[in-house]
file run00.txt (compact mmCIF, C-alpha atoms)
# COMPACT_ATOMS: atom_id res chain seq x y z
CA MET P 1 1.70 -186.25 -100.34
CA PHE P 2 0.23 -188.60 -102.91
CA PRO P 3 2.80 -191.41 -103.32
CA ASN P 4 0.33 -194.04 -104.54
CA SER P 5 -1.61 -191.79 -106.86
CA ASN P 6 -0.01 -192.80 -110.16
CA TYR P 7 0.46 -189.12 -110.95
CA ILE P 8 3.73 -188.60 -112.78
CA HIS P 9 4.78 -185.93 -110.27
CA PRO P 10 2.88 -186.77 -107.07
CA GLU P 11 5.29 -184.57 -105.17
CA ALA P 12 3.60 -181.53 -106.76
CA LEU P 13 0.54 -182.06 -104.57
CA VAL P 14 0.11 -181.97 -100.82
CA SER P 15 -3.02 -182.91 -98.94
CA THR P 16 -4.79 -180.66 -96.46
CA GLU P 17 -3.87 -183.18 -93.77
CA TRP P 18 -0.17 -183.06 -94.67
CA LEU P 19 -0.12 -179.28 -94.72
CA ALA P 20 -1.92 -179.09 -91.37
CA ASP P 21 1.02 -181.04 -89.95
CA HIS P 22 3.59 -178.76 -91.63
CA LEU P 23 2.25 -175.28 -90.94
CA ILE P 24 5.38 -174.41 -89.03
CA ASP P 25 8.16 -175.58 -91.31
CA PRO P 26 10.88 -173.06 -92.16
CA SER P 27 11.61 -174.75 -95.48
CA LEU P 28 8.08 -173.95 -96.68
CA CYS P 29 6.14 -170.84 -97.59
CA ILE P 30 2.38 -171.23 -97.84
CA VAL P 31 0.83 -168.86 -100.36
CA GLU P 32 -2.88 -168.08 -100.69
CA SER P 33 -3.98 -166.74 -104.06
CA ASN P 34 -7.64 -166.05 -104.77
CA GLU P 35 -10.10 -164.57 -107.17
CA ASP P 36 -11.94 -162.96 -104.23
CA ILE P 37 -9.63 -160.03 -103.52
CA LEU P 38 -10.49 -159.72 -99.84
CA LEU P 39 -10.86 -163.39 -99.00
CA TYR P 40 -7.38 -163.74 -97.48
CA ASP P 41 -8.16 -160.84 -95.14
CA THR P 42 -11.26 -162.64 -93.84
CA GLY P 43 -9.10 -165.57 -92.66
CA HIS P 44 -6.32 -167.74 -94.06
CA LEU P 45 -4.20 -170.74 -93.14
CA PRO P 46 -1.97 -169.98 -90.17
CA GLY P 47 1.33 -168.67 -91.49
CA ALA P 48 0.13 -168.23 -95.07
CA VAL P 49 1.09 -165.13 -97.04
CA HIS P 50 -1.08 -163.52 -99.71
CA ILE P 51 -0.13 -163.14 -103.34
CA ASP P 52 -2.62 -161.15 -105.36
CA TRP P 53 -2.81 -162.25 -109.00
CA ARG P 54 -3.01 -158.72 -110.32
CA ARG P 55 -1.28 -156.45 -107.81
CA ASP P 56 1.67 -158.77 -107.18
CA LEU P 57 2.11 -160.70 -110.41
CA GLN P 58 1.11 -158.36 -113.22
CA ASP P 59 2.84 -155.27 -114.52
CA PRO P 60 0.68 -152.24 -113.65
CA LEU P 61 1.17 -150.53 -117.01
CA ILE P 62 1.73 -153.24 -119.62
CA ARG P 63 -0.41 -156.34 -120.10
CA ASP P 64 2.36 -158.61 -119.00
CA TYR P 65 3.84 -160.20 -115.91
CA ILE P 66 6.23 -158.50 -113.56
CA GLN P 67 9.91 -158.37 -114.43
CA PRO P 68 12.56 -160.60 -112.79
CA GLN P 69 13.62 -157.88 -110.36
CA ASP P 70 10.00 -157.45 -109.22
CA PHE P 71 9.68 -161.19 -108.72
CA ALA P 72 12.85 -161.24 -106.64
CA ALA P 73 11.49 -158.37 -104.54
CA LEU P 74 8.15 -160.16 -104.08
CA CYS P 75 9.87 -163.33 -102.92
CA SER P 76 12.26 -161.45 -100.66
CA ARG P 77 9.36 -159.61 -99.05
CA HIS P 78 7.73 -162.93 -98.18
CA GLY P 79 10.92 -164.55 -96.96
CA ILE P 80 11.12 -166.92 -99.91
CA THR P 81 14.51 -168.08 -101.16
CA PRO P 82 15.20 -170.17 -104.28
CA GLU P 83 15.41 -173.17 -101.94
CA THR P 84 12.02 -172.52 -100.33
CA THR P 85 9.23 -174.91 -101.26
CA VAL P 86 6.22 -172.76 -102.03
CA ILE P 87 2.85 -174.36 -101.45
CA PHE P 88 -0.07 -172.66 -103.16
CA TYR P 89 -3.76 -172.85 -102.33
CA GLY P 90 -6.79 -170.68 -102.92
CA ASP P 91 -10.43 -170.35 -103.85
CA LYS P 92 -12.18 -171.51 -107.03
CA SER P 93 -10.73 -175.04 -106.96
CA ASN P 94 -7.22 -173.60 -107.03
CA TRP P 95 -7.51 -171.65 -110.31
CA TRP P 96 -5.52 -168.73 -108.97
CA SER P 97 -3.09 -170.80 -106.98
CA CYS P 98 -2.22 -172.70 -110.17
CA TYR P 99 -1.91 -169.34 -111.91
CA ALA P 100 0.48 -168.06 -109.23
CA LEU P 101 2.41 -171.32 -109.34
CA TRP P 102 2.71 -171.00 -113.13
CA VAL P 103 4.08 -167.46 -112.73
CA PHE P 104 6.61 -168.74 -110.20
CA ARG P 105 7.66 -171.31 -112.79
CA LEU P 106 8.00 -168.50 -115.36
CA PHE P 107 10.76 -167.19 -113.15
CA GLY P 108 12.39 -170.58 -112.77
CA HIS P 109 11.22 -171.30 -109.22
CA THR P 110 10.75 -175.07 -109.41
CA LYS P 111 10.05 -175.96 -105.78
CA VAL P 112 6.31 -175.50 -106.04
CA LYS P 113 3.30 -177.51 -104.90
CA VAL P 114 -0.46 -177.18 -104.71
CA MET P 115 -2.64 -178.05 -101.72
CA ASN P 116 -5.15 -180.45 -103.24
CA GLY P 117 -8.74 -179.23 -102.86
CA GLY P 118 -7.72 -175.68 -102.04
CA ARG P 119 -9.22 -173.37 -99.48
CA ASP P 120 -12.73 -174.82 -99.63
CA LYS P 121 -11.55 -178.30 -98.68
CA TRP P 122 -9.49 -176.95 -95.78
CA ILE P 123 -12.55 -175.11 -94.45
CA ALA P 124 -14.92 -178.03 -95.10
CA GLU P 125 -12.67 -180.18 -92.92
CA GLY P 126 -12.98 -177.71 -90.07
CA ARG P 127 -9.33 -176.76 -90.11
CA PRO P 128 -8.23 -173.46 -88.55
CA LEU P 129 -8.09 -170.06 -90.22
CA THR P 130 -6.59 -166.92 -88.78
CA ARG P 131 -6.61 -163.22 -89.52
CA ASP P 132 -3.16 -162.80 -88.00
CA LEU P 133 -0.59 -161.76 -90.55
CA PRO P 134 2.50 -163.98 -90.58
CA GLU P 135 5.81 -162.55 -89.49
CA ARG P 136 8.28 -163.86 -92.02
CA THR P 137 11.83 -162.62 -92.07
CA PRO P 138 12.63 -161.00 -95.42
CA SER P 139 15.04 -163.00 -97.52
CA SER P 140 17.46 -162.24 -100.29
CA TYR P 141 16.18 -163.73 -103.54
CA SER P 142 18.59 -163.45 -106.44
CA ILE P 143 17.09 -161.78 -109.48
CA PRO P 144 16.28 -164.51 -112.02
CA LEU P 145 18.31 -164.17 -115.21
CA LYS P 146 15.20 -164.19 -117.35
CA ARG P 147 11.52 -165.04 -117.48
CA LEU P 148 10.92 -168.40 -119.13
CA ASP P 149 8.33 -167.10 -121.59
CA ASP P 150 9.64 -169.36 -124.34
CA GLU P 151 9.10 -172.54 -122.35
CA ILE P 152 5.71 -172.50 -120.66
CA ARG P 153 3.99 -169.43 -122.08
CA ALA P 154 2.39 -168.93 -125.49
CA PHE P 155 1.72 -165.59 -127.13
CA PHE P 156 -0.82 -164.72 -129.82
CA GLU P 157 1.63 -165.35 -132.65
CA ASN P 158 2.64 -168.76 -131.26
CA THR P 159 -0.99 -169.72 -130.89
CA LEU P 160 -1.88 -168.57 -134.39
CA VAL P 161 0.87 -170.76 -135.85
CA HIS P 162 -0.31 -173.60 -133.61
CA SER P 163 -3.85 -173.18 -134.93
CA HIS P 164 -2.71 -173.07 -138.57
CA GLN P 165 -0.59 -176.19 -138.09
CA LYS P 166 -3.48 -177.96 -136.35
CA ARG P 167 -1.39 -178.75 -133.29
CA PRO P 168 -3.09 -179.58 -129.98
CA LEU P 169 -4.94 -176.56 -128.69
CA ILE P 170 -7.17 -176.94 -125.63
CA ASP P 171 -9.95 -174.51 -124.83
CA VAL P 172 -10.68 -175.00 -121.13
CA ARG P 173 -13.63 -172.60 -120.92
CA SER P 174 -17.24 -173.68 -120.46
CA PRO P 175 -19.04 -175.26 -123.44
CA GLY P 176 -21.17 -172.11 -123.86
CA GLU P 177 -18.10 -169.90 -124.15
CA PHE P 178 -16.47 -172.34 -126.57
CA SER P 179 -19.48 -172.44 -128.88
CA GLY P 180 -19.84 -168.67 -128.80
CA GLU P 181 -23.32 -168.73 -127.24
CA ILE P 182 -22.04 -166.64 -124.35
CA THR P 183 -19.15 -164.21 -124.09
CA HIS P 184 -18.69 -164.51 -120.34
CA MET P 185 -18.19 -167.31 -117.89
CA PRO P 186 -21.39 -168.73 -116.45
CA ASP P 187 -22.00 -166.83 -113.16
CA TYR P 188 -19.72 -163.95 -114.15
CA PRO P 189 -20.30 -160.56 -115.73
CA GLN P 190 -19.20 -159.75 -119.26
CA GLU P 191 -15.54 -158.81 -119.12
CA GLY P 192 -15.25 -156.90 -122.32
CA VAL P 193 -14.85 -159.30 -125.21
CA LEU P 194 -16.30 -158.46 -128.60
CA ARG P 195 -16.79 -161.87 -130.17
CA GLY P 196 -17.85 -165.29 -128.95
CA GLY P 197 -16.37 -168.54 -130.20
CA HIS P 198 -13.02 -170.27 -130.06
CA ILE P 199 -9.62 -170.46 -131.75
CA PRO P 200 -9.89 -172.51 -134.97
CA GLY P 201 -9.01 -176.11 -134.35
CA ALA P 202 -9.24 -175.90 -130.56
CA HIS P 203 -10.64 -178.84 -128.61
CA SER P 204 -13.10 -178.14 -125.83
CA VAL P 205 -12.06 -179.69 -122.54
CA PRO P 206 -13.46 -177.53 -119.71
CA TRP P 207 -11.02 -177.25 -116.80
CA LYS P 208 -13.72 -178.57 -114.50
CA ARG P 209 -13.49 -182.04 -115.97
CA ALA P 210 -10.17 -182.43 -114.14
CA VAL P 211 -11.61 -182.01 -110.65
CA ASN P 212 -13.91 -183.83 -108.28
CA GLU P 213 -16.86 -182.24 -106.51
CA ASP P 214 -14.64 -181.23 -103.58
CA GLY P 215 -12.16 -179.43 -105.82
CA THR P 216 -9.49 -182.14 -105.59
CA PHE P 217 -7.89 -183.38 -108.77
CA LYS P 218 -9.26 -186.50 -110.36
CA SER P 219 -7.18 -189.64 -110.29
CA ALA P 220 -4.40 -190.16 -112.80
CA GLU P 221 -6.47 -192.84 -114.52
CA GLU P 222 -9.45 -190.52 -114.90
CA LEU P 223 -7.25 -187.69 -116.18
CA ARG P 224 -5.52 -189.95 -118.70
CA LYS P 225 -8.91 -191.04 -119.98
CA ILE P 226 -9.90 -187.41 -120.62
CA TYR P 227 -6.72 -186.02 -122.12
CA GLN P 228 -5.01 -189.04 -123.63
CA GLN P 229 -7.78 -191.45 -124.57
CA GLU P 230 -10.64 -189.09 -125.45
CA LEU P 231 -8.51 -186.29 -126.86
CA GLY P 232 -5.73 -188.49 -128.15
CA LEU P 233 -2.88 -186.39 -126.79
CA GLN P 234 0.59 -187.89 -126.51
CA LEU P 235 2.91 -187.03 -123.64
CA GLU P 236 5.45 -185.47 -125.99
CA ASP P 237 2.88 -183.32 -127.85
CA ASP P 238 3.35 -179.58 -128.05
CA VAL P 239 0.16 -178.41 -126.31
CA ILE P 240 -1.27 -174.91 -125.77
CA ALA P 241 -4.11 -174.31 -123.31
CA TYR P 242 -6.19 -171.14 -123.05
CA CYS P 243 -9.28 -169.71 -121.36
CA ARG P 244 -10.26 -166.01 -120.94
CA ILE P 245 -7.34 -164.50 -119.05
CA GLY P 246 -5.14 -167.50 -118.36
CA GLU P 247 -6.15 -168.62 -114.90
CA ARG P 248 -8.36 -171.61 -115.72
CA SER P 249 -5.82 -172.69 -118.32
CA SER P 250 -3.11 -172.52 -115.64
CA HIS P 251 -5.13 -175.17 -113.83
CA THR P 252 -5.13 -177.39 -116.93
CA TRP P 253 -1.44 -176.61 -117.50
CA PHE P 254 -0.75 -177.91 -113.98
CA VAL P 255 -2.77 -181.07 -114.60
CA LEU P 256 -1.03 -181.86 -117.89
CA THR P 257 2.47 -180.90 -116.74
CA TYR P 258 2.61 -182.26 -113.21
CA LEU P 259 -0.10 -184.86 -112.84
CA LEU P 260 0.13 -186.44 -116.30
CA GLY P 261 3.74 -185.59 -117.16
CA PHE P 262 3.33 -183.85 -120.52
CA SER P 263 6.71 -182.46 -121.50
CA HIS P 264 5.75 -179.37 -123.49
CA VAL P 265 2.62 -177.54 -122.38
CA ARG P 266 2.26 -173.80 -122.70
CA ASN P 267 -0.35 -171.47 -121.25
CA TYR P 268 -1.68 -168.82 -123.64
CA ASP P 269 -2.41 -166.20 -120.99
CA GLY P 270 -3.65 -163.61 -123.50
CA SER P 271 -6.43 -166.12 -124.03
CA TRP P 272 -9.88 -165.15 -125.26
CA THR P 273 -9.75 -161.57 -124.00
CA GLU P 274 -6.92 -161.06 -126.51
CA TRP P 275 -7.94 -163.43 -129.28
CA GLY P 276 -11.64 -162.55 -129.22
CA ASN P 277 -10.88 -158.83 -129.53
CA ARG P 278 -7.85 -158.97 -131.81
CA VAL P 279 -8.24 -157.40 -135.24
CA GLY P 280 -7.68 -160.04 -137.90
CA ALA P 281 -7.82 -163.05 -135.57
CA PRO P 282 -9.92 -165.87 -137.06
CA ILE P 283 -12.48 -167.61 -134.90
CA GLU P 284 -14.76 -170.62 -135.12
CA LYS P 285 -18.19 -170.97 -133.62
CA LYS P 286 -20.20 -173.97 -132.41
CA GLU P 287 -18.05 -176.79 -133.78
CA ASN P 288 -16.70 -178.97 -130.99
CA HIS P 289 -13.46 -180.72 -131.70
CA GLY P 290 -13.47 -182.24 -128.22
CA MET K 291 -21.91 -135.25 -102.62
CA SER K 292 -25.42 -133.83 -102.27
CA HIS K 293 -26.90 -136.33 -104.73
CA TYR K 294 -26.33 -139.22 -102.33
CA PRO K 295 -28.75 -139.98 -99.49
CA LYS K 296 -27.34 -138.67 -96.20
CA LYS K 297 -26.50 -142.03 -94.61
CA LEU K 298 -24.79 -143.27 -97.75
CA ALA K 299 -22.97 -139.95 -98.13
CA ASN K 300 -21.61 -140.37 -94.60
CA ILE K 301 -20.31 -143.85 -95.43
CA ILE K 302 -18.72 -142.60 -98.65
CA SER K 303 -17.12 -139.73 -96.76
CA LEU K 304 -15.71 -142.16 -94.19
CA PHE K 305 -14.18 -144.41 -96.85
CA GLU K 306 -12.68 -141.48 -98.71
CA SER K 307 -10.80 -140.51 -95.56
CA LEU K 308 -9.24 -143.96 -95.08
CA SER K 309 -5.85 -145.26 -96.08
CA GLU K 310 -5.78 -148.32 -98.35
CA LEU K 311 -5.16 -150.62 -95.40
CA GLU K 312 -7.92 -149.04 -93.33
CA ARG K 313 -10.24 -149.24 -96.32
CA ARG K 314 -9.65 -152.99 -96.61
CA GLU K 315 -10.17 -153.47 -92.88
CA THR K 316 -13.38 -151.47 -92.95
CA LEU K 317 -14.67 -153.44 -95.94
CA ILE K 318 -13.96 -156.68 -94.08
CA ALA K 319 -15.83 -155.31 -91.07
CA TYR K 320 -18.82 -154.51 -93.28
CA ALA K 321 -18.59 -157.95 -94.92
CA ASP K 322 -18.64 -159.52 -91.45
CA GLN K 323 -21.86 -157.63 -90.71
CA SER K 324 -23.68 -158.84 -93.82
CA LYS K 325 -25.59 -161.52 -91.94
CA ASN K 326 -27.07 -158.79 -89.73
CA TYR K 327 -28.68 -157.35 -92.84
CA SER K 328 -30.21 -160.61 -94.06
CA PRO K 329 -33.87 -161.33 -93.31
CA LYS K 330 -34.65 -162.91 -89.95
CA GLU K 331 -36.78 -166.02 -89.52
CA GLY K 332 -40.45 -165.03 -89.74
CA GLU K 333 -39.74 -161.47 -90.82
CA VAL K 334 -42.42 -160.20 -93.22
CA PHE K 335 -41.65 -158.08 -96.27
CA ASP K 336 -43.75 -156.26 -98.85
CA PHE K 337 -41.70 -157.66 -101.72
CA GLU K 338 -39.07 -160.35 -102.18
CA ASP K 339 -36.92 -160.94 -105.23
CA VAL K 340 -34.65 -163.95 -104.79
CA ARG K 341 -32.81 -165.23 -107.81
CA LYS K 342 -29.50 -166.25 -109.26
CA ASP K 343 -28.81 -164.32 -112.41
CA GLU K 344 -26.76 -165.95 -115.12
CA GLU K 345 -23.94 -163.47 -114.63
CA CYS K 346 -23.73 -163.58 -110.82
CA THR K 347 -21.74 -166.11 -108.82
CA ASP K 348 -24.56 -167.05 -106.47
CA SER K 349 -28.13 -166.22 -105.54
CA VAL K 350 -28.97 -162.78 -104.23
CA GLY K 351 -32.25 -162.12 -102.43
CA ILE K 352 -33.62 -158.59 -102.16
CA TYR K 353 -36.26 -158.04 -99.47
CA LEU K 354 -37.99 -154.70 -99.09
CA LYS K 355 -40.56 -153.05 -96.91
CA MET K 356 -42.19 -149.67 -97.43
CA ASP K 357 -43.43 -147.72 -94.42
CA GLU K 358 -46.45 -145.41 -94.21
CA ASN K 359 -44.27 -142.51 -95.35
CA GLN K 360 -43.32 -144.46 -98.45
CA ARG K 361 -39.76 -144.95 -97.36
CA TYR K 362 -37.88 -148.14 -98.13
CA TYR K 363 -36.13 -150.57 -95.77
CA PHE K 364 -33.99 -153.32 -97.28
CA LYS K 365 -32.53 -156.66 -96.32
CA ILE K 366 -30.26 -158.67 -98.58
CA GLN K 367 -29.68 -162.43 -98.49
CA LEU K 368 -26.49 -163.65 -100.16
CA GLY K 369 -25.56 -167.16 -101.24
CA PRO K 370 -22.38 -168.71 -99.83
CA HIS K 371 -20.30 -168.16 -102.97
CA VAL K 372 -20.77 -164.40 -103.17
CA GLN K 373 -17.45 -162.53 -102.96
CA THR K 374 -16.33 -160.60 -99.91
CA LEU K 375 -16.60 -157.21 -101.64
CA THR K 376 -20.21 -157.88 -102.55
CA ARG K 377 -20.91 -158.93 -98.96
CA ALA K 378 -19.44 -155.67 -97.75
CA MET K 379 -21.50 -153.72 -100.27
CA SER K 380 -24.73 -155.44 -99.12
CA SER K 381 -24.17 -154.15 -95.58
CA ILE K 382 -23.23 -150.70 -96.84
CA LEU K 383 -26.33 -150.44 -99.01
CA CYS K 384 -28.70 -151.71 -96.35
CA LYS K 385 -27.24 -149.28 -93.82
CA GLY K 386 -26.85 -146.39 -96.24
CA LEU K 387 -30.15 -146.63 -98.06
CA ASN K 388 -32.63 -147.64 -95.40
CA GLY K 389 -35.33 -145.01 -95.04
CA ILE K 390 -34.94 -143.49 -98.50
CA THR K 391 -37.69 -142.64 -100.92
CA SER K 392 -38.20 -144.22 -104.29
CA GLU K 393 -37.07 -141.06 -106.05
CA GLU K 394 -33.89 -140.91 -104.01
CA LEU K 395 -33.14 -144.57 -104.70
CA GLN K 396 -33.60 -144.32 -108.45
CA SER K 397 -31.40 -141.24 -108.69
CA ILE K 398 -28.36 -142.76 -106.97
CA PRO K 399 -25.52 -143.00 -109.49
CA GLN K 400 -23.20 -146.03 -109.58
CA ASP K 401 -20.18 -143.78 -109.16
CA PHE K 402 -20.17 -144.15 -105.39
CA VAL K 403 -18.84 -147.73 -105.70
CA PRO K 404 -15.22 -146.84 -106.53
CA LYS K 405 -15.33 -144.08 -103.91
CA ILE K 406 -15.99 -146.79 -101.31
CA VAL K 407 -14.08 -149.72 -102.73
CA GLY K 408 -11.17 -147.80 -104.18
CA ALA K 409 -9.52 -148.19 -107.55
CA GLU K 410 -7.17 -150.92 -106.34
CA LEU K 411 -10.01 -153.34 -105.63
CA ILE K 412 -12.19 -152.60 -108.66
CA ARG K 413 -11.02 -154.90 -111.38
CA ALA K 414 -11.94 -157.82 -113.58
CA ARG K 415 -13.73 -160.44 -111.51
CA SER K 416 -15.02 -157.92 -108.96
CA GLN K 417 -17.56 -156.15 -111.12
CA THR K 418 -20.54 -157.76 -109.38
CA VAL K 419 -20.03 -155.22 -106.63
CA TYR K 420 -22.04 -152.89 -108.88
CA TYR K 421 -24.84 -155.40 -109.22
CA LEU K 422 -26.54 -154.97 -105.84
CA LEU K 423 -27.66 -151.38 -106.37
CA THR K 424 -29.18 -152.38 -109.70
CA ARG K 425 -31.06 -155.20 -107.99
CA LEU K 426 -32.37 -152.85 -105.27
CA LYS K 427 -33.55 -150.35 -107.88
CA THR K 428 -35.19 -153.07 -109.95
CA ALA K 429 -36.95 -154.59 -106.95
CA SER K 430 -38.41 -151.23 -105.95
CA GLN K 431 -39.58 -150.57 -109.51
CA VAL K 432 -41.34 -153.93 -109.72
CA TRP K 433 -42.90 -153.37 -106.30
CA GLU K 434 -44.15 -149.91 -107.27
CA LYS K 435 -45.64 -151.21 -110.53
CA ARG K 436 -47.42 -153.88 -108.55
CA LEU K 437 -48.75 -151.24 -106.13
CA LEU K 438 -49.94 -149.11 -109.02
CA ARG K 439 -51.66 -152.09 -110.65
CA HIS K 440 -53.50 -152.89 -107.43
CA ALA K 441 -54.50 -149.26 -107.00
CA THR K 442 -56.00 -149.05 -110.47
CA GLN K 443 -57.87 -152.36 -110.31
call {"tool": "encode", "arguments": {"input": "run00.txt", "output": "structure tokens"}}
result
Amino acid sequence: MFPNSNYIHPEALVSTEWLADHLIDPSLCIVESNEDILLYDTGHLPGAVHIDWRRDLQDPLIRDYIQPQDFAALCSRHGITPETTVIFYGDKSNWWSCYALWVFRLFGHTKVKVMNGGRDKWIAEGRPLTRDLPERTPSSYSIPLKRLDDEIRAFFENTLVHSHQKRPLIDVRSPGEFSGEITHMPDYPQEGVLRGGHIPGAHSVPWKRAVNEDGTFKSAEELRKIYQQELGLQLEDDVIAYCRIGERSSHTWFVLTYLLGFSHVRNYDGSWTEWGNRVGAPIEKKENHG
Amino acid sequence: MSHYPKKLANIISLFESLSELERRETLIAYADQSKNYSPKEGEVFDFEDVRKDEECTDSVGIYLKMDENQRYYFKIQLGPHVQTLTRAMSSILCKGLNGITSEELQSIPQDFVPKIVGAELIRARSQTVYYLLTRLKTASQVWEKRLLRHATQ
């Protein structure tokens, strides 16, 4: 845990050391969620289950998340109850673990944490991995009454209004994507977007600014300097974050919501793959409001 | 399946017979073998093309040799951040394409990738699995142009 961190919700983070001491704790479920689809199969934390960002969390036929009954089935399959504390970790500095955590929050599961530094830090510290699949007893997870789309998720229409009203809009992609010079992430192939640029009025704050070299989150003081001093955001501001498909912006959503204590942050998961292709959607190029 | 080289066709045939779980396990096994298909210390090649392209997660090194019968033998060196699927594909390509001619290499279509990987695993953020074959083809083309230039000088 991070009791002296000055984060507003230090309980939302656990250290690799803490988790190593709590691998066998029936009140916990450790979840690995990665970009690399087969990475879990090559070795994972002892006892960890795998949640795949597309297969497990997204509807197979509609661009949307699974429905409450699917979420309940997913949790039941992994032996998760509403009282279970779910600890997420993964590759890519925890992009996908924050994404999975955000989806859990969409369904009202509030007992969620992230292992600071993710999979890479665990491995760098020489901690054990296994290929053994965990044997978790299936649980009975009540079907959530609804998905909390109105609270922590933004859709195109919400974001358009936000842009028109010049409310805080954070583009967490790389500077090249923001300016429109490139239409893919550095080091990634083009993923099918027609136009480069950003949502009018968006501020560029790449997700990476929130992490240290080892993938751990920066200190509360450093994060406040970025988001509150440089960007001028207030804790009560209505903020929308976006990237390309919503995973990097989940990371920033976690930082703002849990580490800095912003009260109203939404993730626009349609992000640039929707906005950049959408007929009639206005874009800006090059200007940096950051 | 006649348009694939025999060794690659055998691998494709194997994957097509597997269940989804077996397919994943076999891909992991191939990914585990990828170091066996990277160049050994002191090994000499006719041509090396090591680079990190803007759109790839990490560096990929293509090493090729051509024997007296003008057949290719490949090794592939992958950086530490390359995804597991791409690691698996490097082993599959080295095993499946070694000993093929230039003509055979250039005529291989990309459509074998989903036959091996399966539709479930081909998705956004895994497209670089297609990239290795392109790099092998490009390396051989550059090498052959260099050979031709030397021959005409």
call {"tool": "interface_residues", "arguments": {"input": "run00.txt", "of": "chain K", "to": "chain P", "cutoff": "12 Å", "atoms": "all atoms listed in the file", "output": "NGL selection string"}}
result
:K and (311-322 or 342-349 or 370-378 or 407 or 409-421)
call {"tool": "closest_residue", "arguments": {"input": "run00.txt", "among": "K:Val340, K:Val350, K:Cys384, K:Leu304", "to": "Asn326 of chain K", "atoms": "all atoms listed in the file"}}
result
K:Cys384
call {"tool": "atom_distance", "arguments": {"input": "run00.txt", "atom1": "atom CA of His293 of chain K", "atom2": "atom CA of Gln431 of chain K"}}
result
19.7 Å
call {"tool": "closest_residue", "arguments": {"input": "run00.txt", "among": "K:Glu358, K:Glu394, K:Asp339, K:Glu333", "to": "Leu422 of chain K", "atoms": "all atoms listed in the file"}}
result
K:Asp339
call {"tool": "atom_distance", "arguments": {"input": "run00.txt", "atom1": "atom CA of Cys243 of chain P", "atom2": "atom CA of Val31 of chain P"}}
result
23.3 Å
call {"tool": "residues_around", "arguments": {"input": "run00.txt", "residues": "Thr428 of chain K", "least_positions_apart": "3", "cutoff": "12 Å", "atoms": "all atoms listed in the file", "output": "ChimeraX atom specification"}}
result
/K:337-339,352-354,392,395-396,421-425,431-435
call {"tool": "closest_residue", "arguments": {"input": "run00.txt", "among": "K:Leu383, K:Ala441, K:Leu426, K:Glu331", "to": "Gly351 of chain K", "atoms": "all atoms listed in the file"}}
result
K:Leu426
call {"tool": "residues_near_point", "arguments": {"input": "run00.txt", "point": "(5.9, -158.2, -118.6)", "cutoff": "9 Å", "atoms": "all atoms listed in the file", "output": "CSV table (one decimal) with C-alpha atoms, keeping the file's coordinate frame"}}
result
chain,number,residue,atom,x,y,z
P,58,GLN,CA,1.1,-158.4,-113.2
P,59,ASP,CA,2.8,-155.3,-114.5
P,62,ILE,CA,1.7,-153.2,-119.6
P,63,ARG,CA,-0.4,-156.3,-120.1
P,64,ASP,CA,2.4,-158.6,-119.0
P,65,TYR,CA,3.8,-160.2,-115.9
P,66,ILE,CA,6.2,-158.5,-113.6
P,67,GLN,CA,9.9,-158.4,-114.4
P,147,ARG,CA,11.5,-165.0,-117.5
call {"tool": "atom_distance", "arguments": {"input": "run00.txt", "atom1": "atom CA of Gly332 of chain K", "atom2": "atom CA of Phe364 of chain K"}}
result
15.4 Å
call {"tool": "residues_around", "arguments": {"input": "run00.txt", "residues": "segment 223-237 of chain P", "least_positions_apart": "4", "cutoff": "9 Å", "atoms": "all atoms listed in the file", "output": "PyMOL selection string"}}
result
chain P and resi 167-168+203+205+209-210+217-219+255-256+259-265+289-290
call {"tool": "axis_aligned_box", "arguments": {"input": "run00.txt", "around": "segment 303-312 of chain K", "padding_each_side": "5 Å", "output": "AutoDock Vina command-line options"}}
result
--center_x -11.1 --center_y -145.2 --center_z -96.0 --size_x 22.0 --size_y 20.9 --size_z 15.4
